[in-house]
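Raw contents of input_4.cif, mmCIF, C-alpha atoms:
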```
data_input
#
loop_
_atom_site.label_atom_id
_atom_site.label_comp_id
_atom_site.auth_asym_id
_atom_site.auth_seq_id
_atom_site.Cartn_x
_atom_site.Cartn_y
_atom_site.Cartn_z
CA MET V 201 -40.37 23.01 -14.51
CA LYS V 202 -42.73 20.02 -14.26
CA GLU V 203 -40.53 18.08 -16.69
CA LYS V 204 -37.47 18.83 -14.55
CA ILE V 205 -39.21 17.61 -11.39
CA LEU V 206 -40.27 14.42 -13.15
CA ILE V 207 -36.72 13.73 -14.37
CA ILE V 208 -35.36 14.21 -10.83
CA PHE V 209 -37.93 11.83 -9.38
CA LEU V 210 -37.20 9.24 -12.05
CA LEU V 211 -33.46 9.49 -11.37
CA VAL V 212 -34.07 8.98 -7.67
CA SER V 213 -36.32 6.02 -8.42
CA LEU V 214 -33.72 4.50 -10.74
CA PHE V 215 -30.94 4.86 -8.18
CA THR V 216 -33.21 3.52 -5.47
CA SER V 217 -33.85 0.44 -7.57
CA PHE V 218 -30.13 -0.36 -7.42
CA SER V 219 -29.43 0.73 -3.86
CA VAL V 220 -32.35 -0.63 -1.88
CA SER V 221 -33.16 -4.30 -1.78
CA ALA V 222 -35.19 -4.69 1.40
CA CYS V 223 -38.18 -3.18 3.19
CA THR V 224 -41.01 -4.89 5.05
CA GLY V 225 -44.53 -3.70 5.82
CA PHE V 226 -47.41 -5.59 7.35
CA THR V 227 -50.79 -4.92 8.92
CA ALA V 228 -53.36 -6.84 10.92
CA SER V 229 -56.54 -5.93 12.76
CA ASN V 230 -59.37 -7.24 14.89
CA GLU V 231 -62.50 -5.68 16.37
CA GLU V 232 -60.44 -3.74 18.92
CA ILE V 233 -57.30 -2.50 17.18
CA ALA V 234 -55.62 -1.94 13.81
CA LEU V 235 -51.82 -2.14 13.71
CA VAL V 236 -49.13 -1.59 11.07
CA GLY V 237 -45.45 -2.50 11.28
CA ASN V 238 -42.63 -1.56 8.95
CA ASN V 239 -38.86 -1.80 8.59
CA GLU V 240 -37.34 1.07 6.61
CA ASP V 241 -34.31 -0.39 4.88
CA TYR V 242 -32.18 2.18 3.14
CA SER V 243 -28.76 3.84 3.06
CA LEU V 244 -27.12 4.76 6.36
CA GLU V 245 -26.47 8.18 4.80
CA CYS V 246 -30.14 9.12 4.41
CA GLU V 247 -30.33 11.11 7.71
CA PRO V 248 -33.93 10.19 8.59
CA MET V 249 -36.14 12.98 9.91
CA ILE V 250 -39.57 13.06 11.53
CA LYS V 251 -41.92 15.93 10.70
CA ILE V 252 -45.14 16.82 12.50
CA TYR V 253 -47.72 18.98 10.78
CA PRO V 254 -50.64 20.40 12.81
CA PRO V 255 -54.09 20.50 11.20
CA ASP V 256 -55.32 23.59 9.40
CA ASP V 257 -58.46 24.58 7.52
CA ASN V 258 -57.64 22.29 4.60
CA ASN V 259 -55.38 19.53 5.95
CA TYR V 260 -55.37 16.89 8.65
CA GLY V 261 -52.61 16.87 11.24
CA ARG V 262 -50.02 14.18 10.54
CA ILE V 263 -46.63 12.66 11.35
CA VAL V 264 -44.35 11.70 8.45
CA PHE V 265 -41.01 9.92 8.25
CA CYS V 266 -38.61 11.40 5.74
CA ASN V 267 -35.28 10.39 4.22
CA LYS V 268 -32.75 12.15 2.04
CA PRO V 269 -32.72 10.61 -1.44
CA TYR V 270 -29.12 9.39 -1.07
CA PRO V 271 -26.79 10.11 -2.86
CA PHE V 272 -28.61 13.29 -3.97
CA ASP V 273 -27.74 15.12 -0.74
CA ASN V 274 -28.68 18.57 -2.06
CA MET V 275 -32.28 17.54 -2.73
CA PRO V 276 -35.16 17.98 -0.30
CA TYR V 277 -36.33 15.20 1.97
CA PHE V 278 -38.84 12.69 0.63
CA GLU V 279 -41.78 11.56 2.74
CA PHE V 280 -41.45 7.77 2.80
CA GLY V 281 -44.33 7.01 5.18
CA GLY V 282 -46.58 8.35 7.90
CA MET V 283 -49.99 8.58 9.56
CA ASN V 284 -52.60 11.30 9.93
CA GLU V 285 -54.92 12.15 12.82
CA GLN V 286 -57.72 10.18 11.15
CA GLY V 287 -55.71 6.98 11.47
CA LEU V 288 -54.74 6.72 7.77
CA PHE V 289 -51.25 5.28 7.11
CA PHE V 290 -49.00 4.86 4.10
CA ASP V 291 -45.52 3.48 3.41
CA SER V 292 -43.58 2.95 0.18
CA PHE V 293 -41.59 -0.08 -1.01
CA TYR V 294 -39.19 -0.58 -3.92
CA HIS V 295 -40.15 -3.18 -6.52
CA PRO V 296 -38.65 -4.37 -9.83
CA TYR V 297 -39.20 -1.93 -12.67
CA LEU V 298 -42.69 -1.94 -14.18
CA GLN V 299 -43.96 1.21 -15.88
CA PRO V 300 -47.65 1.96 -15.13
CA THR V 301 -49.84 2.39 -18.20
CA ASN V 302 -52.38 5.14 -18.75
CA PRO V 303 -55.17 3.71 -20.90
CA GLU V 304 -57.72 6.26 -19.66
CA SER V 305 -55.44 9.21 -20.49
CA LYS V 306 -55.58 10.58 -16.99
CA PRO V 307 -53.62 13.76 -16.24
CA VAL V 308 -50.03 13.01 -15.27
CA TYR V 309 -48.92 13.79 -11.75
CA ASN V 310 -45.24 14.75 -12.02
CA GLY V 311 -44.09 13.92 -8.53
CA TRP V 312 -44.69 11.94 -5.38
CA TYR V 313 -48.43 12.16 -4.71
CA ILE V 314 -49.12 9.70 -1.90
CA PRO V 315 -48.25 12.04 1.03
CA ASN V 316 -51.02 14.35 -0.21
CA CYS V 317 -53.56 11.66 0.66
CA LEU V 318 -52.65 12.09 4.34
CA LYS V 319 -53.65 15.73 4.10
CA SER V 320 -57.22 15.17 2.93
CA CYS V 321 -58.21 11.49 3.26
CA SER V 322 -59.33 9.48 6.27
CA THR V 323 -59.94 6.02 4.79
CA VAL V 324 -58.38 3.66 2.26
CA ASP V 325 -61.38 4.13 -0.04
CA GLU V 326 -60.98 7.92 -0.01
CA ALA V 327 -57.24 7.64 -0.66
CA LEU V 328 -57.73 5.26 -3.60
CA GLU V 329 -60.39 7.50 -5.11
CA GLU V 330 -58.21 10.59 -4.85
CA PHE V 331 -55.09 8.76 -6.03
CA GLY V 332 -57.00 7.27 -8.96
CA GLN V 333 -57.70 10.66 -10.49
CA TRP V 334 -54.11 10.83 -11.81
CA HIS V 335 -51.55 8.83 -13.74
CA HIS V 336 -48.45 8.24 -11.58
CA PRO V 337 -45.26 7.46 -13.52
CA MET V 338 -43.34 7.55 -10.22
CA LEU V 339 -44.84 4.15 -9.40
CA ASN V 340 -42.53 2.46 -11.90
CA CYS V 341 -40.31 1.36 -9.00
CA ASN V 342 -42.42 2.05 -5.91
CA GLN V 343 -45.48 0.35 -4.51
CA ILE V 344 -47.60 1.72 -1.67
CA LEU V 345 -49.20 0.09 1.36
CA ILE V 346 -52.12 2.11 2.74
CA VAL V 347 -54.11 1.20 5.86
CA ASP V 348 -56.83 2.93 7.88
CA ARG V 349 -57.97 2.63 11.50
CA THR V 350 -60.83 0.28 10.53
CA GLY V 351 -58.21 -2.26 9.47
CA ASP V 352 -58.93 -1.88 5.75
CA SER V 353 -55.77 -1.93 3.64
CA ALA V 354 -54.56 -2.07 0.06
CA ILE V 355 -51.32 -2.28 -1.91
CA ILE V 356 -50.99 -0.01 -4.95
CA GLU V 357 -48.79 -1.73 -7.55
CA GLY V 358 -48.82 0.71 -10.45
CA ASP V 359 -51.91 -0.37 -12.38
CA GLU V 360 -52.94 -2.98 -9.82
CA ILE V 361 -54.79 -2.48 -6.53
CA ILE V 362 -54.57 -5.46 -4.17
CA ARG V 363 -57.05 -5.26 -1.29
CA LYS V 364 -56.60 -7.06 2.00
CA GLU V 365 -58.29 -10.42 2.29
CA GLY V 366 -58.60 -11.89 5.75
CA ASP V 367 -57.05 -10.43 8.88
CA PHE V 368 -53.65 -9.30 7.57
CA GLN V 369 -51.65 -8.09 4.57
CA VAL V 370 -47.88 -8.05 3.89
CA CYS V 371 -45.77 -6.03 1.46
CA THR V 372 -42.04 -6.36 0.75
CA ASN V 373 -40.09 -5.77 -2.47
CA PHE V 374 -41.70 -7.89 -5.13
CA LEU V 375 -44.96 -7.37 -6.99
CA LEU V 376 -47.72 -9.66 -5.79
CA SER V 377 -49.33 -9.17 -9.21
CA HIS V 378 -46.10 -9.97 -11.09
CA PRO V 379 -43.78 -12.09 -8.89
CA GLU V 380 -41.99 -13.31 -12.02
CA LEU V 381 -40.32 -9.87 -12.38
CA GLY V 382 -38.01 -10.56 -9.47
CA GLY V 383 -37.60 -10.34 -5.72
CA TYR V 384 -39.60 -13.52 -5.11
CA PRO V 385 -39.39 -15.76 -3.17
CA CYS V 386 -38.72 -13.33 -0.30
CA TRP V 387 -37.77 -14.72 3.10
CA ARG V 388 -38.96 -11.55 4.84
CA TYR V 389 -42.39 -11.83 3.24
CA ASP V 390 -42.63 -15.52 4.15
CA THR V 391 -41.50 -14.85 7.74
CA ALA V 392 -44.05 -12.07 8.27
CA VAL V 393 -46.87 -14.12 6.75
CA SER V 394 -46.01 -17.13 8.90
CA MET V 395 -45.92 -15.09 12.10
CA LEU V 396 -49.23 -13.40 11.29
CA GLU V 397 -50.86 -16.71 10.45
CA ASN V 398 -49.79 -18.09 13.81
CA ILE V 399 -50.57 -15.06 15.93
CA ASN V 400 -52.04 -15.73 19.39
CA GLU V 401 -52.63 -12.13 20.46
CA LEU V 402 -52.58 -9.02 18.30
CA SER V 403 -50.33 -6.55 20.11
CA THR V 404 -47.65 -3.94 19.51
CA ASP V 405 -45.13 -6.25 21.21
CA TYR V 406 -45.86 -9.03 18.73
CA PHE V 407 -45.51 -6.59 15.83
CA THR V 408 -42.14 -5.54 17.24
CA ASP V 409 -41.14 -9.21 17.21
CA ILE V 410 -42.06 -9.39 13.52
CA CYS V 411 -39.91 -6.33 12.78
CA ASN V 412 -37.05 -7.96 14.64
CA ALA V 413 -37.49 -11.21 12.72
CA THR V 414 -37.49 -9.46 9.32
CA HIS V 415 -34.93 -6.68 9.72
CA ALA V 416 -32.18 -6.38 7.12
CA THR V 417 -28.38 -6.20 7.40
CA TYR V 418 -25.54 -5.37 5.02
CA SER V 419 -25.37 -8.98 3.88
CA GLU V 420 -28.53 -8.51 1.85
CA GLY V 421 -27.35 -5.65 -0.34
CA MET V 422 -24.89 -2.82 -0.70
CA PHE V 423 -27.16 -0.27 0.99
CA SER V 424 -29.74 -2.58 2.53
CA TYR V 425 -29.89 -1.91 6.26
CA THR V 426 -32.80 -1.43 8.64
CA ILE V 427 -32.27 2.15 9.80
CA TYR V 428 -35.58 2.39 11.64
CA SER V 429 -38.74 0.46 12.40
CA ASN V 430 -42.23 1.70 13.26
CA ILE V 431 -45.25 0.17 14.90
CA TYR V 432 -48.39 2.23 14.22
CA ASP V 433 -51.41 1.92 16.47
CA LEU V 434 -53.93 3.42 14.05
CA THR V 435 -56.82 3.04 16.49
CA ASN V 436 -55.22 5.20 19.17
CA GLY V 437 -52.97 7.43 17.03
CA ILE V 438 -49.66 6.26 18.51
CA VAL V 439 -46.35 5.50 16.76
CA TYR V 440 -43.54 3.42 18.31
CA LEU V 441 -40.10 4.09 16.83
CA TYR V 442 -37.00 1.86 16.94
CA TYR V 443 -33.62 2.90 15.54
CA MET V 444 -30.92 0.81 13.85
CA HIS V 445 -32.86 -2.42 14.55
CA ASP V 446 -32.35 -2.03 18.31
CA TYR V 447 -35.67 -3.29 19.61
CA SER V 448 -34.79 -2.75 23.26
CA THR V 449 -35.10 1.06 23.03
CA VAL V 450 -38.28 2.76 21.86
CA LYS V 451 -39.51 6.32 21.40
CA VAL V 452 -43.27 6.83 21.56
CA PHE V 453 -45.20 9.52 19.66
CA ASP V 454 -48.79 10.31 20.58
CA LEU V 455 -49.98 12.13 17.47
CA SER V 456 -52.62 14.21 19.25
CA GLU V 457 -49.98 15.45 21.70
CA GLU V 458 -47.44 16.11 18.98
CA ILE V 459 -49.72 18.17 16.74
CA SER V 460 -50.78 20.26 19.76
CA LEU V 461 -47.18 21.57 19.80
CA GLY V 462 -47.44 22.96 16.29
CA ASN V 463 -45.17 22.44 13.30
CA HIS V 464 -41.89 20.80 14.40
CA SER V 465 -39.41 18.09 13.48
CA TYR V 466 -36.78 15.73 14.87
CA PHE V 467 -33.61 14.27 13.42
CA MET V 468 -33.86 10.60 14.32
CA SER V 469 -30.20 10.29 15.28
CA ASP V 470 -30.65 13.07 17.86
CA LEU V 471 -33.46 11.15 19.55
CA PHE V 472 -31.23 8.13 20.10
CA ASP V 473 -27.86 9.80 20.76
CA SER V 474 -28.07 9.12 24.49
CA GLU V 475 -30.04 7.11 26.97
CA ASN V 476 -32.14 10.15 27.80
CA ILE V 477 -33.19 13.19 25.80
CA CYS V 478 -34.44 16.54 27.01
CA PRO V 479 -38.14 17.45 26.87
CA ASN V 480 -39.53 19.28 23.86
CA THR V 481 -39.67 23.06 24.08
CA PRO V 482 -42.95 23.91 25.88
CA THR V 483 -45.79 25.62 24.08
CA THR V 484 -45.95 29.41 24.25
CA PRO V 485 -47.80 30.22 27.51
CA THR V 486 -51.49 30.91 27.04
CA GLY V 487 -53.57 33.23 29.21
CA PRO V 488 -54.66 36.86 29.39
CA SER V 489 -52.56 39.32 27.43
CA THR V 490 -53.60 42.19 29.65
CA GLY V 491 -54.56 42.65 33.28
CA LYS V 492 -54.35 44.86 36.34
CA ILE V 493 -51.46 45.25 38.74
CA ASN V 494 -51.87 43.48 42.08
CA GLU V 495 -54.38 41.06 40.55
CA GLU V 496 -53.38 37.41 40.04
CA GLN V 497 -53.28 36.14 36.43
CA THR V 498 -53.16 32.47 35.41
CA PHE V 499 -51.25 30.94 32.48
CA PHE V 500 -50.94 27.49 30.91
CA THR V 501 -48.37 25.44 28.98
CA LYS V 502 -47.42 21.84 28.22
CA THR V 503 -44.75 19.78 26.52
CA ILE V 504 -43.89 16.23 25.51
CA ASP V 505 -41.00 14.13 26.74
CA LEU V 506 -40.29 11.39 24.20
CA ASP V 507 -38.88 9.17 26.95
CA LYS V 508 -42.25 9.62 28.70
CA ASP V 509 -40.44 11.00 31.76
CA SER V 510 -42.29 13.27 34.16
CA VAL V 511 -41.42 16.94 33.71
CA TYR V 512 -41.19 20.18 35.70
CA TYR V 513 -41.84 23.72 34.45
CA LEU V 514 -40.17 27.05 35.21
CA PHE V 515 -41.99 30.27 34.27
CA ASP V 516 -40.01 33.47 33.82
CA TRP V 517 -42.48 36.28 34.54
CA GLY V 518 -40.42 39.00 32.87
CA ASP V 519 -40.23 41.17 36.00
CA GLY V 520 -37.09 39.64 37.47
CA SER V 521 -38.95 36.81 39.21
CA ASP V 522 -39.83 33.22 38.29
CA SER V 523 -42.19 30.52 39.45
CA ASP V 524 -39.55 28.09 40.77
CA TRP V 525 -39.78 24.59 39.32
CA LEU V 526 -43.39 23.38 39.29
CA GLY V 527 -44.35 19.72 39.14
CA SER V 528 -43.97 17.03 38.44
CA PHE V 529 -46.36 16.59 35.49
CA GLU V 530 -46.88 13.68 33.12
CA SER V 531 -45.63 14.10 29.57
CA GLY V 532 -48.31 16.04 27.65
CA GLU V 533 -50.15 17.10 30.82
CA GLN V 534 -51.08 20.78 31.06
CA CYS V 535 -49.30 22.91 33.65
CA GLU V 536 -51.03 25.89 35.29
CA ALA V 537 -49.20 28.73 37.01
CA SER V 538 -50.27 32.12 38.41
CA HIS V 539 -48.49 35.40 39.03
CA THR V 540 -49.21 38.93 40.26
CA TRP V 541 -47.40 41.97 38.88
CA GLU V 542 -46.94 44.87 41.27
CA THR V 543 -45.76 47.44 38.74
CA LYS V 544 -47.45 48.66 35.61
CA GLY V 545 -45.72 47.88 32.34
CA ASP V 546 -45.24 45.36 29.52
CA TYR V 547 -43.77 41.93 30.25
CA GLU V 548 -42.68 38.80 28.38
CA ILE V 549 -43.61 35.45 29.92
CA LYS V 550 -41.64 32.39 28.83
CA VAL V 551 -41.30 28.86 30.17
CA LYS V 552 -38.96 25.90 29.95
CA ALA V 553 -39.20 22.26 31.01
CA ARG V 554 -36.90 19.86 32.86
CA ASP V 555 -37.24 16.10 33.06
CA VAL V 556 -36.70 13.98 36.16
CA HIS V 557 -33.09 13.37 35.08
CA GLY V 558 -32.30 17.10 35.04
CA LEU V 559 -32.20 17.68 31.28
CA GLU V 560 -33.76 21.02 30.34
CA SER V 561 -35.54 22.18 27.20
CA GLU V 562 -35.06 25.47 25.40
CA TRP V 563 -37.13 28.48 26.51
CA SER V 564 -40.53 28.75 24.82
CA ASP V 565 -41.51 31.64 22.60
CA PRO V 566 -42.66 34.53 24.82
CA LEU V 567 -46.19 35.71 25.52
CA GLN V 568 -46.49 39.50 25.63
CA VAL V 569 -48.61 40.80 28.51
CA SER V 570 -49.44 44.33 29.63
CA MET V 571 -50.38 45.49 33.10
CA PRO V 572 -52.25 48.77 32.45
CA LYS V 573 -52.35 51.54 35.01
CA ASN V 574 -55.09 51.69 37.60
CA LYS V 575 -58.19 53.35 36.12
CA ILE V 576 -58.15 56.11 38.76
CA ILE V 577 -54.49 56.84 37.98
CA ASN V 578 -55.28 56.84 34.27
CA LEU V 579 -58.10 59.37 34.79
CA PHE V 580 -55.93 61.54 37.03
CA GLU V 581 -53.07 61.65 34.52
CA ARG V 582 -55.47 62.41 31.69
CA PHE V 583 -56.92 65.26 33.78
CA LEU V 584 -53.44 66.72 34.30
CA GLU V 585 -52.64 66.43 30.60
CA ASN V 586 -55.76 68.46 29.79
CA HIS V 587 -55.35 70.92 32.69
CA PRO V 588 -51.60 71.63 33.02
CA TYR V 589 -52.29 74.76 35.10
CA MET V 590 -53.24 72.45 37.98
CA PHE V 591 -49.63 71.26 38.46
CA PRO V 592 -48.48 74.22 40.65
CA ILE V 593 -51.71 74.15 42.63
CA LEU V 594 -51.40 70.41 43.40
CA ARG V 595 -47.67 70.74 44.18
CA LYS V 596 -48.47 73.48 46.69
CA ILE V 597 -51.16 71.29 48.30
CA PHE V 598 -48.92 68.23 48.66
CA ASP V 599 -45.87 70.21 49.69
#
```

As structure tokens, what does this structure read like?
Amino acid sequence: MKEKILIIFLLVSLFTSFSVSACTGFTASNEEIALVGNNEDYSLECEPMIKIYPPDDNNYGRIVFCNKPYPFDNMPYFEFGGMNEQGLFFDSFYHPYLQPTNPESKPVYNGWYIPNCLKSCSTVDEALEEFGQWHHPMLNCNQILIVDRTGDSAIIEGDEIIRKEGDFQVCTNFLLSHPELGGYPCWRYDTAVSMLENINELSTDYFTDICNATHATYSEGMFSYTIYSNIYDLTNGIVYLYYMHDYSTVKVFDLSEEISLGNHSYFMSDLFDSENICPNTPTTPTGPSTGKINEEQTFFTKTIDLDKDSVYYLFDWGDGSDSDWLGSFESGEQCEASHTWETKGDYEIKVKARDVHGLESEWSDPLQVSMPKNKIINLFERFLENHPYMFPILRKIFD
């Protein structure tokens, strides 16, 4: 099975080496902020997807950007890049073929290992240490840029590790350690270096300008096309996304907000299909799962609107009534709502969101709540169950 996985990965790498001729990654930092920018240049058929994983006992929460390994459409998505909640980033870049050696006879990792570093590592040093425990034949055609929120960065080129020197580092599609193998000189590399050398103010806007200046078009290769660009603010855990090298429209992901919504994903084309998109499905309402009739109970929910529009919430209380639209609330802001049930029973509470343009989300998963009977009524009914002979006596009294 391991051999089969390795063959598949090598086939994908080989095809990628013919089909992809452009990608650009760059990072810079100062005492206040660490930023990363990248252009993902690949086939238009790759159907890019964004996946958000919440943290668990063993893994950090993270956002990853995935592509189908075109033309192998029946294969699972590959994680091309991403960032975790600790501010650790990675992205991958094609380079001319160079098979890594294994002089220390390390165990072979038959697959794509780098995304695992986002699960357990928080710094470049930790990622390099974990990565260095294995031999990685997959790196015959792929190099990796890793950056952390301190601004430390490194490029993994098979057997070579190139650490950042100075305030910035740039990675495209040639090997800095072996430029003679091809891909150099690279106008995208030279453009990014020049702009970073002449930077006046380190900002996400300036990084967007670099992406714009280095994006690829069909003229550079059969499948070479900038399908999306990211600016990562590693210090604050925010990702800015641009689609099809349109730098006038941006979607913003706050990682802490995203992972609070649990495991979910987006197809990138859906996010940019129209000028406005509906809010995410709200979280399942939280609050007491049991209570008393005629006593007010309070519940909470929240959602994210990727356009950063204000949102309204509608609670369905499960008894034929609703809360009416509540709001407005900022994207990611918690909404609080209260309700009183007048009849004993079990109810399902659900909620949906609507943005200021009128687009509505799906209903959330329901919260099951029970309104038990009044304690006096419970005692009375239990008494009757144990003393059935009292029924005719009580009926005669009340008649």

Next item on the list: For each of V:Pro296, V:Thr404, V:Ile362, V:Ala327, take the minimum atom-to-atom distance to V:Glu380, counting all atoms listed in the file, then give the residue where this is smallest.
Entry: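 Looking only at the distances to V:Glu380, the closest residue turns out to be V:Pro296.
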
Notebook entry, point to check: Residues at most 6 Å from stretch 366-379 of chain V, counting all atoms listed in the file, excluding those fewer than 5 positions away in the same chain, as a PyMOL selection string?
Noted result: chain V and resi 223-229+294-295+384

Check: Between atom CA of V:Thr490 and atom CA of V:Trp541, what is the distance, to one decimal in Å?
Finding: 11.1 Å

Checklist line | Contact residues around stretch 467-483 of chain V with all atoms listed in the file at 7 Å, ignoring same-chain residues under 6 positions, as a list of chain:residue names | finding: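 Within the cut-off, the hits are V:Pro248, V:Met249, V:Ile250, V:Leu461, V:Thr501, V:Lys502, V:Thr503, V:Ile504, V:Asp505, V:Leu506, V:Asp507, V:Val551, V:Lys552, V:Ala553, V:Arg554, V:Asp555, V:Leu559, V:Glu560, V:Ser561, V:Glu562, V:Trp563, V:Ser564.
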
Check: Residues at most 6 Å from V:Asn267, counting all atoms listed in the file, excluding those fewer than 3 positions away in the same chain, as a ChimeraX atom specification?
Finding: /V:246,248,277-278

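Across V:Leu434, V:Ala354, V:Cys321, V:Leu396, the tightest approach to V:Asn258 is made by V:Cys321 when counting only C-alpha atoms.
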
Notebook entry, point to check: Taking into account all atoms listed in the file, which residue in the set V:Ser292, V:Thr414, V:Ser538, V:Thr543 is nearest to V:Gly487?
Noted result: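 Between V:Ser292, V:Thr414, V:Ser538, V:Thr543, the residue approaching V:Gly487 most closely is V:Ser538.
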
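One finds atom CA of V:Pro337 at 7.5 Å from atom CA of V:Tyr309.
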
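Picked by the PyMOL selection byres ((chain V and resi 547) around 7) from the coordinates shown: V:Gly518, V:Asp519, V:Gly545, V:Asp546, V:Glu548, V:Ile549, V:Gln568, V:Val569, V:Ser570.
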
All file atoms of stretch 372-382 of chain V boxed axis-aligned, 8 Å per side, centre plus edges, as lines of an AutoDock Vina configuration file:
```
center_x = -43.7
center_y = -9.5
center_z = -5.8
size_x = 27.3
size_y = 23.5
size_z = 29.1
```

May I ask you to restore N, CA and C atoms in stretch 531-546 of chain V and write the result as a compact mmCIF listing (two decimals), in the coordinates of the input?
```
# COMPACT_ATOMS: atom_id res chain seq x y z
N SER V 531 -45.87 13.61 30.92
CA SER V 531 -45.63 14.10 29.57
C SER V 531 -46.95 14.40 28.88
N GLY V 532 -47.09 15.63 28.33
CA GLY V 532 -48.31 16.04 27.65
C GLY V 532 -49.37 16.62 28.56
N GLU V 533 -49.17 16.55 29.89
CA GLU V 533 -50.15 17.10 30.82
C GLU V 533 -50.00 18.61 30.92
N GLN V 534 -51.11 19.32 30.99
CA GLN V 534 -51.08 20.78 31.06
C GLN V 534 -50.63 21.26 32.42
N CYS V 535 -49.78 22.28 32.42
CA CYS V 535 -49.30 22.91 33.65
C CYS V 535 -49.96 24.28 33.79
N GLU V 536 -50.39 24.61 34.99
CA GLU V 536 -51.03 25.89 35.29
C GLU V 536 -50.18 26.64 36.32
N ALA V 537 -49.97 27.91 36.07
CA ALA V 537 -49.20 28.73 37.01
C ALA V 537 -49.78 30.14 37.06
N SER V 538 -49.69 30.78 38.22
CA SER V 538 -50.27 32.12 38.41
C SER V 538 -49.21 33.09 38.91
N HIS V 539 -49.43 34.36 38.61
CA HIS V 539 -48.49 35.40 39.03
C HIS V 539 -49.22 36.73 39.18
N THR V 540 -48.69 37.59 40.05
CA THR V 540 -49.21 38.93 40.26
C THR V 540 -48.10 39.95 40.01
N TRP V 541 -48.37 40.91 39.14
CA TRP V 541 -47.40 41.97 38.88
C TRP V 541 -47.75 43.17 39.77
N GLU V 542 -46.74 43.75 40.34
CA GLU V 542 -46.94 44.87 41.27
C GLU V 542 -46.67 46.22 40.62
N THR V 543 -46.11 46.19 39.42
CA THR V 543 -45.76 47.44 38.74
C THR V 543 -46.33 47.42 37.34
N LYS V 544 -46.90 48.56 36.95
CA LYS V 544 -47.45 48.66 35.61
C LYS V 544 -46.34 48.52 34.57
N GLY V 545 -46.71 48.02 33.40
CA GLY V 545 -45.72 47.88 32.34
C GLY V 545 -46.03 46.72 31.42
N ASP V 546 -45.14 46.47 30.46
CA ASP V 546 -45.24 45.36 29.52
C ASP V 546 -44.22 44.30 29.89
```
